[in-house]
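Quick notes on the structure that follows.
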Amino acid sequence: MNFTPRWFKFRLRAKLTLLIEGLVILVVVITGVITTLREKGTLEDELRKRGLALANDLAKFSERPLISQDWATLRRFVNHTMKQDYVRYVGIVDPAGKVLMHSDLSQVGKIFDKTPPGGVCNSSTPIYSHAHLIKEAEVYYTICAPIEVSGAHLGTVFLGYSYSAVAEEIAAARRQIILICLVTILMGGVVAYFLAAFISQPIRRITQAMEQVAGGEMTSPLVIQRNDEIGTLADSFNKMAEDLGRHRKHLEVLVDARTAALAAANEQLQQEIAERKKAETELTRSQEQLRDLAIHLESVREEERSRIAREIHDELGQALTALKMDLHWVGLRLPAEHRILMAKINSMSGIIDTTVQAVRRISAELRPGLLDDLGLTAAIEWQAHDFCSRAGLSCHIRSEPEDIILDKSRSIALFRIFQEALTNIARHARATQVEINLERNTSTVNMEICDNGVGITAAQLAASGSFGILGIRERVNSLGGSLNISGVPGRGTTLRVSLPLGARENPGDKDTNIG
């Protein structure tokens, strides 16, 4: 939020005008107040002098009538004094305070009640008291003058002089002063406006010129013919604008050169990027082709294994069976005395049985018939029992569901991965126990193989000669699955494979995590 006062948002001319006009008003008001106070003091002094003169004159003229007790003459003097302007009452009081003569005859003979404090009636000098307020709420001055003859105090003259004379004069003077102040303020406003314009106009032009310079326009010089600080500021601004224009042209040349260099570098970079993208595209295509070729070769190899296993089982197995039947037929027809020939026939029959078992084992290793006939679970159980019986290991298999039957590609891939894992356990793990977990859900089939051997290390996983692991990874990637191999030193190795059950995905669609 912006808390700047509203008047700070005015233009400079308005601010200067208001400032100068404010100073003029302040000076005029102070001058008017001082003048009014001085005028009031002057008028009050004149009023006091006039009142004292009247009181002294009346006291002087009242000496004879008081001595001769000529009350008529004294009354005439009092009436004459009352005819003077602004005289409100006149009283002559003896030294005891008794009214001898008064403008109000009803007061004659009474004790004078307007005697100022301090024994004024017995004073030998004229006294001017402060203003008093009578019943009519009119302000007046009580002026008293002694009546003395040859040092004898005959009495005192009291004269009530109205303050309205001063008030009227002060009101008239105040009106004149206010009128003069208004005229002065008006003229000051005009002068302030032109003076503010005289000061602010060149500053405004300098500001406009600075805005033009900020916008990039530096060709128009600032012309202000002044012999003061503003003129010096304009000259300095023109010099600064000239220097800025020169530096800007130099910077534009440098920027153009740098822009051209950057454009050339950018063009070269774009070419390199295009070449790299092309190389990456070709490399990716080559990798895809190699992966497809590897998948095709693996498929061909599996078909060739299946064909060889079938031919070995069918042709060689049948030939050995026929040979054994022929030997048995020959043995039945030999005379009993040909014991040597009979022993040889029995030995040959044993060799044929051993050969038949070897043919069956080789055929099963090339392509187990259980995998095609009974499914993945049965094939893995057979392979695990055969491996563990030959390697002297303990194997535990858990399958959920109990019989897992998959399509040909996934069944072969999981079986070959299982075979490769068992081979690695036999060669490197030095394990005594192997656990196999098979699981199939609505979207994936998962296989986990755990041993209690020495545990595979990260260096062994990353070794360039780990062709078995590389083959497992390629099989998993070809089916869009995921692979995770982790080992803990002294606690064994765990291999986890997860294959989707949907349509076969492109190679490399799923991440393979080894570690």
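Chain identifiers are assigned as A, B, and so on, following the order in which chains appear in the structure tokens; residues are numbered from 1 within each chain, and ligands are numbered from 1 in order of appearance.
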
Quiz item: What lies within 12 Å of Leu186 (chain A) using only C-alpha atoms, ignoring chain neighbours under 3 positions off, as a PyMOL selection string?
Solution: chain A and resi 20-22+24-25+28+179-183+189-193

Once you have the residues from the selection above, write them out as a PDB file, in the first residue's frame, restricted to C-alpha atoms.
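The file below, result_8.pdb, is the result:
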```pdb
ATOM      1  CA  ILE A  20       4.860  30.244  -1.517  1.00  0.00           C
ATOM      2  CA  GLU A  21       1.207  31.156  -1.006  1.00  0.00           C
ATOM      3  CA  GLY A  22       1.303  29.475   2.406  1.00  0.00           C
ATOM      4  CA  VAL A  24       2.611  34.702   2.157  1.00  0.00           C
ATOM      5  CA  ILE A  25      -0.531  33.886   4.145  1.00  0.00           C
ATOM      6  CA  VAL A  28       0.250  38.400   6.252  1.00  0.00           C
ATOM      7  CA  LEU A 179      -8.907  43.935   3.335  1.00  0.00           C
ATOM      8  CA  ILE A 180      -5.214  44.679   2.922  1.00  0.00           C
ATOM      9  CA  CYS A 181      -4.400  41.063   3.873  1.00  0.00           C
ATOM     10  CA  LEU A 182      -6.840  39.674   1.319  1.00  0.00           C
ATOM     11  CA  VAL A 183      -5.432  41.885  -1.415  1.00  0.00           C
ATOM     12  CA  GLY A 189      -0.995  33.975  -5.041  1.00  0.00           C
ATOM     13  CA  VAL A 190      -0.511  35.483  -8.490  1.00  0.00           C
ATOM     14  CA  VAL A 191       3.138  36.170  -7.805  1.00  0.00           C
ATOM     15  CA  ALA A 192       3.541  32.682  -6.320  1.00  0.00           C
ATOM     16  CA  TYR A 193       1.973  31.087  -9.420  1.00  0.00           C
TER      17      TYR A 193
END
```

Quiz prompt | Residues within 6 Å of region 79-88 of chain A, only C-alpha atoms, excluding chain neighbours under 4 positions, as a ChimeraX atom specification | solution = /A:160-162

Exercise. Extract, using only C-alpha atoms, all DNA, RNA and protein residues at most 12 Å from Leu37 (chain A), discarding same-chain residues fewer than 6 positions from it, and format them as an MDAnalysis selection string.
Key: chainID A and resid 30:31 43:44 166 170:171 173:174 177

Quiz prompt | Neighbour list for region 53-67 of chain A as a PyMOL selection string, cut-off 8 Å, only C-alpha atoms, skip fewer than 6 positions in-chain | solution = chain A and resi 73-74+77-78+81+126+143-149+154+156-159

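A straight line drawn from CA of Ser478 (chain A) to CA of Pro401 (chain A) is 25.0 Å long.
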
Self-check item: Selected residue of minimal separation from Ile178 (chain A) among A:Ser349, A:Gly481, A:Val445, A:Gly32, counting only C-alpha atoms
Solution: A:Gly32

Quiz item: How many Å lie between CA of Gly471 (chain A) and CA of Asn437 (chain A), rounded to one decimal?
Solution: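 Computing it gives 21.1 Å between the two atoms.
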
Exercise. Could you give me, as a ChimeraX atom specification, the residues within 9 Å of Ala14 (chain A), counting only C-alpha atoms and dropping anything in the same chain fewer than 4 positions from it?
Key: /A:10,18-19,193,196-197

Export, as a compact mmCIF listing (two decimals), in the first residue's frame, the selected residues with N, CA and C atoms.
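Written output follows (again.txt):
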```
# COMPACT_ATOMS: atom_id res chain seq x y z
N PHE A 10 0.83 16.11 -6.23
CA PHE A 10 0.63 17.26 -7.12
C PHE A 10 1.89 17.48 -7.95
N LEU A 18 1.58 26.45 -3.77
CA LEU A 18 1.00 26.29 -2.43
C LEU A 18 2.00 26.66 -1.35
N LEU A 19 3.25 26.29 -1.55
CA LEU A 19 4.26 26.61 -0.54
C LEU A 19 4.46 28.12 -0.41
N TYR A 193 2.22 31.93 -8.24
CA TYR A 193 1.97 31.09 -9.42
C TYR A 193 3.04 31.33 -10.49
N ALA A 196 6.40 30.13 -9.25
CA ALA A 196 6.47 28.67 -9.32
C ALA A 196 6.61 28.20 -10.76
N ALA A 197 5.91 28.86 -11.67
CA ALA A 197 6.05 28.51 -13.09
C ALA A 197 7.47 28.81 -13.57
```

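Here CA of Val108 (chain A) and CA of Ala96 (chain A) stand 13.5 Å from one another.
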
Practice problem: Can you check which residues of region 380-430 of chain A DSSP gives as strand (DSSP E) on the backbone and send them as a PyMOL selection string? | Solution: chain A and resi 394-400

Practice problem: Could you check which of A:Asp353, A:Glu288, A:Glu272, A:Asp45 is closest to Ala322 (chain A), using only C-alpha atoms? | Solution: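 That would be A:Asp353, the residue with the smallest distance to Ala322 (chain A).
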